[in-house]
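Scroll down for the structure; my scribbles are underneath it.
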Amino acid sequence: MRIAALTITNFRSFGPKPVCIEFDHRLNCFIGLNSAGKTAAMAALQKVFGSRSDRMLYREDFHIAHDSDPASDEAKTLSIEVKVVFGRNDSSVPEFFKDLVVSAPKRSPYLRVLLEAIWTPSPGSMEGEIESGQYVLMVPTGEALTEQTKRNFPKSMYSLFQVIYVPAIRKTAEQLRYASGSILYRLLRTVDYSEGFRKDFKDETDKINAMFHALPSFKNIQDSLSTVWSTFHKDEKYRDANMNFGKGEVEEILRKLEVNFTPGSSAHRNFSVDDLGDGYRSMFYLSLVCTLLEIENSFPADKEIEGDFRPQLTILAVEEPENHIAPQLLGRVVKILGEVAEKANTQVFISTHTPAIVKRIEPETIYHFRIGTQQTTDVNRVTLPDAADEAYKYVKEAVQNFPEIYFAKLVVIGEGDTEEVVFNHLMRVLELDFDDNIISFAPLGHRFVHHIWQLLSSLEIPYITLLDLDLERDGGGWGRIKYVVKELIAIGEDKSKLLETRDGELTEEELDEMHTWDNDNQDDQKAWITFLNDYNVYFSSPLDLDFLLLEAFEDYYTADETYPKNGGPRIPDEATKPKEYEEYLAGAISATLKNPKAKGILYSRDQHKLMIWYKYHFLGRGKPGTHIHVLPNIPDKTLEEDLPEVLVEIFEKIKELIG
């Protein structure tokens with residue numbers, strides 16, 4: 001038994017357009033920036049299935065449009081619908097059987113629960129009046145609702161659901177008090193206190209009281225207190241003041257129950273919860289929850305717990321499980337929550353802000369929350385290629401390795417580590433802090449890039465892509481342009497617009513042959529590159545970003561300090577050893593272009609000479625390390641003035657997209 005869908009309308013940050021969140025798994029993760037609606041979604045579950053106090057509605061629960069007056073006295077409505085499905089041979093089916101609906105023959109039956117409420121102003125109260133009703137819907141999803149198709153939600157049915165909400169701020173001490181609703185209370189109410197036990201407990205308490213009363217000094221204190229008390233009043237009802245250790249009721253001692261931690265043999269005292277650090281307190285809070293679920297699941301389905309049957313569905317909602325917990329322990333926390341989700345009739349929902357949690361969660365179980373253009377919550381699922389597709393594993397690993405993209409307002413996609421190093425340096429020089437503007441860099445490369453684009457598009461996160469043109473490399477030049485055009489078509493961009501040229505629209509056959517086009521036609525190639533900028537796709541031309549920076553800042557990349565003493569390329573003297581020099585140069589060209597037959601005919605003589613340094617720095621010593629070493633040596637003013645045009649355009653586009 002699990003929740004299969006949650007539909008929210010006009011509840012807190014959710015607006016008048018219904019938002020339906022469909023769940024296929026027992027462990028689900030809500031991600032997104034602060035105030036995006038993650039807590040509101042968890043609260044919606046509480047409003048439907050929580051305790052009596054959790055189900056209370058308040059004026060602030062009703063959505064207020066961003067362009068309306070919060071003090072408006074217009075009536076407001078909200079609704080929350082939950083769809084519950086059942087597994088094969090689910091023991092909880094009999095409890096709900098008469099309330100189940102089915103959409104078509106041979107389809108699985110399910111339960112629909114609807115909470116509706118209306119807030120109206122009241123002359124006598126600023127809070128107004130709230131009327132609400134909770135119903136079981138007797139028709140399948142999609143069919144019209146009438147009063148006849150809505151049945152009042154039976155009060156007895158509330159006990160069949162249980163919501164355990166773990167807030168971001170863990171107040172562990174409150175959960176360790178024997179008070180209604182606390183986890184300790186829920187745990188201890190599962191204990192069977194027989195009549196015999198209660199009688200024995202009272203007898204033992206009476207013995208303890210008698211022992212103290214037998215102490216002369218203790219009796220003197222009580223007698224003195226009773227005598228003094230009697231001088232203040234003459235009320236027979238309160239005549240004597242007695243000091244006792246309770247009346248022998250089990251509940252009295254349970255209210256005084258404490259949890260202590262037993263140390264190893266080297267320590268000399270026990271420790272209380274207050275002695276724990278924030279991290280251990282947070283983990284102990286989760287331990288209490290897991291213990292409760294462990295105990296409850298050990299009972300048979302028809303086991304009564306203080307007059308109520310064991311919950312048929314437990315909803316565990318955990319906000320920010322990462323709070324106060326060291327990063328190396330988060331894997332253990334996620335593993336435990338995953339094990340909890342596998343328990344019978346238990347479903348787990350977590351919300352998080354940290355990539356450390358997201359990278360440990362299956363992408364298919366992630367739901368991205370964001371505030372849309374209407375200032376209301378939008379929820380989108382993470383979409384991946386089909387599991388049978390070759391790209392599935394690549395994209396899944398990519399998004400798990402770079403989970404920061406989920407939390408970004410803008411993602412810059414690059415080929416690899418060079419782009420990340422360069423952009424991190426440039427954002428300081430150009431005074432555009434990626435962190436302040438919530439911009440993430442993702443070195444995902446050009447392989448399967450349209451799946452990354454589809455993922456970001458589905459999450460409504462804008463992106464910019466920088467790829468290498470790789471002119472004269474295998475698949476480079478027109479091959480790279482053809483790849484991008486096909487990838488843009490794959491994500492649904494207007495095909496006619498993409499293939500339109502001054503000579504008419506390219507046919508499918510012509511596009512398929514684009515990689516064979518003559519790279520000598522540089523004007524046409526540059527026109528296509530400029531055209532693709534409209535789709536936020538840019539190229540490091542003519543080769544890659546390493547060569548682009550080497551060419552723009554040659555003096556700094558070839559300076560003596562860029563290589564160790566007695567290091568650097570061993571370049572034959574061009575004037576005295578022309579043959580050796582040309583052979584050495586030819587080797588550098590073929591190495592740079594990654595083709596033993598490459599001649600570099602589309603590159604100038606000066607660019608050929610730079611390939612000697614390209615081979616030394618970027619094929620022999622490592623790309624990121626070279627840039628990390630060289631870039632700080634370039635004065636900020638020089639870097640900004642001589643920055644390659646494509647990087648200038650990208651940073652202008654970034655500023656445009658983030659507003």
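Residue numbering restarts at 1 for every chain of the structure tokens, chains are lettered A, B, ... in their displayed order, and ligands are numbered from 1 as they appear.
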Could you pull out the residues in stretch 312-433 of chain A that DSSP calls strand (DSSP E or B) from the backbone, as an MDAnalysis selection string? chainID A and resid 313:319 346:352 366:371 377:381 410:414
Give me, as a PDB file with N, CA and C atoms, in the first residue's frame, all polymer residues having an atom no more than 12 Å from A:Lys17, counting only C-alpha atoms and skipping those fewer than 3 positions away in the same chain.
ATOM      1  N   THR A   7      -2.250  15.528  -5.459  1.00  0.00           N
ATOM      2  CA  THR A   7      -2.666  16.672  -6.274  1.00  0.00           C
ATOM      3  C   THR A   7      -3.022  17.833  -5.353  1.00  0.00           C
ATOM      4  N   ILE A   8      -2.334  18.957  -5.545  1.00  0.00           N
ATOM      5  CA  ILE A   8      -2.467  20.097  -4.628  1.00  0.00           C
ATOM      6  C   ILE A   8      -2.946  21.322  -5.402  1.00  0.00           C
ATOM      7  N   THR A   9      -3.932  22.013  -4.835  1.00  0.00           N
ATOM      8  CA  THR A   9      -4.472  23.221  -5.458  1.00  0.00           C
ATOM      9  C   THR A   9      -4.674  24.295  -4.394  1.00  0.00           C
ATOM     10  N   ASN A  10      -4.091  25.465  -4.641  1.00  0.00           N
ATOM     11  CA  ASN A  10      -4.293  26.633  -3.771  1.00  0.00           C
ATOM     12  C   ASN A  10      -3.894  26.376  -2.322  1.00  0.00           C
ATOM     13  N   PHE A  11      -2.862  25.572  -2.133  1.00  0.00           N
ATOM     14  CA  PHE A  11      -2.358  25.308  -0.783  1.00  0.00           C
ATOM     15  C   PHE A  11      -0.964  25.912  -0.650  1.00  0.00           C
ATOM     16  N   SER A  13       2.197  27.587  -1.273  1.00  0.00           N
ATOM     17  CA  SER A  13       2.854  28.085  -2.485  1.00  0.00           C
ATOM     18  C   SER A  13       2.291  27.467  -3.760  1.00  0.00           C
ATOM     19  N   PHE A  14       1.416  26.480  -3.632  1.00  0.00           N
ATOM     20  CA  PHE A  14       0.780  25.871  -4.799  1.00  0.00           C
ATOM     21  C   PHE A  14      -0.413  26.728  -5.210  1.00  0.00           C
ATOM     22  N   CYS A  20      -0.105  17.912  -9.918  1.00  0.00           N
ATOM     23  CA  CYS A  20      -0.195  16.481  -9.605  1.00  0.00           C
ATOM     24  C   CYS A  20       1.213  15.885  -9.568  1.00  0.00           C
ATOM     25  N   HIS A  63      -3.579  29.664  -0.448  1.00  0.00           N
ATOM     26  CA  HIS A  63      -2.673  30.370  -1.357  1.00  0.00           C
ATOM     27  C   HIS A  63      -3.141  31.794  -1.624  1.00  0.00           C
ATOM     28  N   ALA A  65      -2.231  34.837  -4.274  1.00  0.00           N
ATOM     29  CA  ALA A  65      -1.509  35.165  -5.509  1.00  0.00           C
ATOM     30  C   ALA A  65      -0.522  36.297  -5.260  1.00  0.00           C
ATOM     31  N   LEU A  78      -9.079  25.723  -1.117  1.00  0.00           N
ATOM     32  CA  LEU A  78      -7.929  24.849  -1.366  1.00  0.00           C
ATOM     33  C   LEU A  78      -8.435  23.423  -1.453  1.00  0.00           C
ATOM     34  N   SER A  79      -7.646  22.585  -2.095  1.00  0.00           N
ATOM     35  CA  SER A  79      -7.970  21.158  -2.143  1.00  0.00           C
ATOM     36  C   SER A  79      -6.689  20.343  -2.221  1.00  0.00           C
ATOM     37  N   GLY A 372       7.661  29.060 -10.278  1.00  0.00           N
ATOM     38  CA  GLY A 372       7.524  29.401 -11.689  1.00  0.00           C
ATOM     39  C   GLY A 372       7.239  30.862 -11.926  1.00  0.00           C
ATOM     40  N   GLN A 374       4.562  32.414 -12.428  1.00  0.00           N
ATOM     41  CA  GLN A 374       3.399  32.936 -11.706  1.00  0.00           C
ATOM     42  C   GLN A 374       3.626  32.957 -10.198  1.00  0.00           C
ATOM     43  N   GLN A 375       4.887  32.754  -9.804  1.00  0.00           N
ATOM     44  CA  GLN A 375       5.251  32.743  -8.381  1.00  0.00           C
ATOM     45  C   GLN A 375       4.510  31.655  -7.612  1.00  0.00           C
ATOM     46  N   THR A 376       4.267  30.543  -8.278  1.00  0.00           N
ATOM     47  CA  THR A 376       3.668  29.380  -7.638  1.00  0.00           C
ATOM     48  C   THR A 376       4.585  28.176  -7.858  1.00  0.00           C
ATOM     49  N   THR A 377       4.372  27.150  -7.074  1.00  0.00           N
ATOM     50  CA  THR A 377       5.229  25.974  -7.135  1.00  0.00           C
ATOM     51  C   THR A 377       4.953  25.135  -8.378  1.00  0.00           C
ATOM     52  N   ASP A 378       6.026  24.808  -9.087  1.00  0.00           N
ATOM     53  CA  ASP A 378       5.982  23.832 -10.172  1.00  0.00           C
ATOM     54  C   ASP A 378       6.797  22.623  -9.730  1.00  0.00           C
ATOM     55  N   VAL A 379       6.330  21.438 -10.063  1.00  0.00           N
ATOM     56  CA  VAL A 379       7.047  20.217  -9.702  1.00  0.00           C
ATOM     57  C   VAL A 379       7.287  19.402 -10.963  1.00  0.00           C
TER      58      VAL A 379
END
Within 10 Å of A:Lys623, counting only C-alpha atoms, which residues show up once you throw out same-chain ones fewer than 4 positions away? Write them as an NGL selection string, please. :A and (416-419 or 421 or 546 or 614 or 617-619 or 627-628)
Next, write the just-selected residues to a file, as a PDB file, in the first residue's frame, keeping C-alpha atoms as the atom set.
ATOM      1  CA  GLY A 416      35.494  18.726 -19.408  1.00  0.00           C
ATOM      2  CA  ASP A 417      37.787  19.910 -16.649  1.00  0.00           C
ATOM      3  CA  THR A 418      39.359  22.743 -18.661  1.00  0.00           C
ATOM      4  CA  GLU A 419      36.051  24.562 -18.967  1.00  0.00           C
ATOM      5  CA  VAL A 421      38.800  25.660 -14.288  1.00  0.00           C
ATOM      6  CA  ASP A 546      42.826  24.981 -24.526  1.00  0.00           C
ATOM      7  CA  TYR A 614      49.687  22.535 -27.162  1.00  0.00           C
ATOM      8  CA  HIS A 617      51.177  21.485 -22.130  1.00  0.00           C
ATOM      9  CA  PHE A 618      47.892  19.768 -22.886  1.00  0.00           C
ATOM     10  CA  LEU A 619      48.881  16.343 -24.154  1.00  0.00           C
ATOM     11  CA  HIS A 627      45.456  26.482 -16.702  1.00  0.00           C
ATOM     12  CA  ILE A 628      45.504  26.567 -12.903  1.00  0.00           C
TER      13      ILE A 628
END
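Omitting stretch 390-394 of chain A and its sequence neighbours fewer than 2 positions away, and counting only C-alpha atoms, the residues within 12 Å are Glu362, Pro363, Glu364, Thr383, Leu384, Pro385, Asp386, Ala387, Ala388, Lys396, Glu397, Ala398, Val399, Gln400, Asn401, Leu444, Gly445, His446, Arg447, Phe448, Val449, His450, His451, Ile452 and Leu455 of chain A.
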Output file for the residues above (C-alpha atoms, as a PDB file, in the first residue's frame):
ATOM      1  CA  GLU A 362      18.184   7.089  -7.649  1.00  0.00           C
ATOM      2  CA  PRO A 363      17.436   9.907 -10.144  1.00  0.00           C
ATOM      3  CA  GLU A 364      14.083   8.332 -11.029  1.00  0.00           C
ATOM      4  CA  THR A 383      13.586  12.263 -16.769  1.00  0.00           C
ATOM      5  CA  LEU A 384      16.197   9.821 -18.047  1.00  0.00           C
ATOM      6  CA  PRO A 385      16.623   7.982 -21.340  1.00  0.00           C
ATOM      7  CA  ASP A 386      14.982   4.579 -21.629  1.00  0.00           C
ATOM      8  CA  ALA A 387      16.864   2.002 -19.570  1.00  0.00           C
ATOM      9  CA  ALA A 388      17.543   0.011 -22.755  1.00  0.00           C
ATOM     10  CA  LYS A 396      22.335   8.639 -14.889  1.00  0.00           C
ATOM     11  CA  GLU A 397      25.966   8.635 -13.773  1.00  0.00           C
ATOM     12  CA  ALA A 398      26.439  12.175 -15.026  1.00  0.00           C
ATOM     13  CA  VAL A 399      23.564  13.624 -13.002  1.00  0.00           C
ATOM     14  CA  GLN A 400      24.645  11.663  -9.927  1.00  0.00           C
ATOM     15  CA  ASN A 401      28.211  12.924 -10.279  1.00  0.00           C
ATOM     16  CA  LEU A 444      29.426  16.607 -19.162  1.00  0.00           C
ATOM     17  CA  GLY A 445      31.005  16.610 -22.601  1.00  0.00           C
ATOM     18  CA  HIS A 446      29.189  16.478 -25.934  1.00  0.00           C
ATOM     19  CA  ARG A 447      28.254  12.800 -25.794  1.00  0.00           C
ATOM     20  CA  PHE A 448      24.506  12.296 -25.347  1.00  0.00           C
ATOM     21  CA  VAL A 449      24.207  16.020 -24.716  1.00  0.00           C
ATOM     22  CA  HIS A 450      20.583  16.151 -25.857  1.00  0.00           C
ATOM     23  CA  HIS A 451      19.613  13.925 -22.923  1.00  0.00           C
ATOM     24  CA  ILE A 452      21.214  16.445 -20.565  1.00  0.00           C
ATOM     25  CA  LEU A 455      16.720  16.753 -18.348  1.00  0.00           C
TER      26      LEU A 455
END
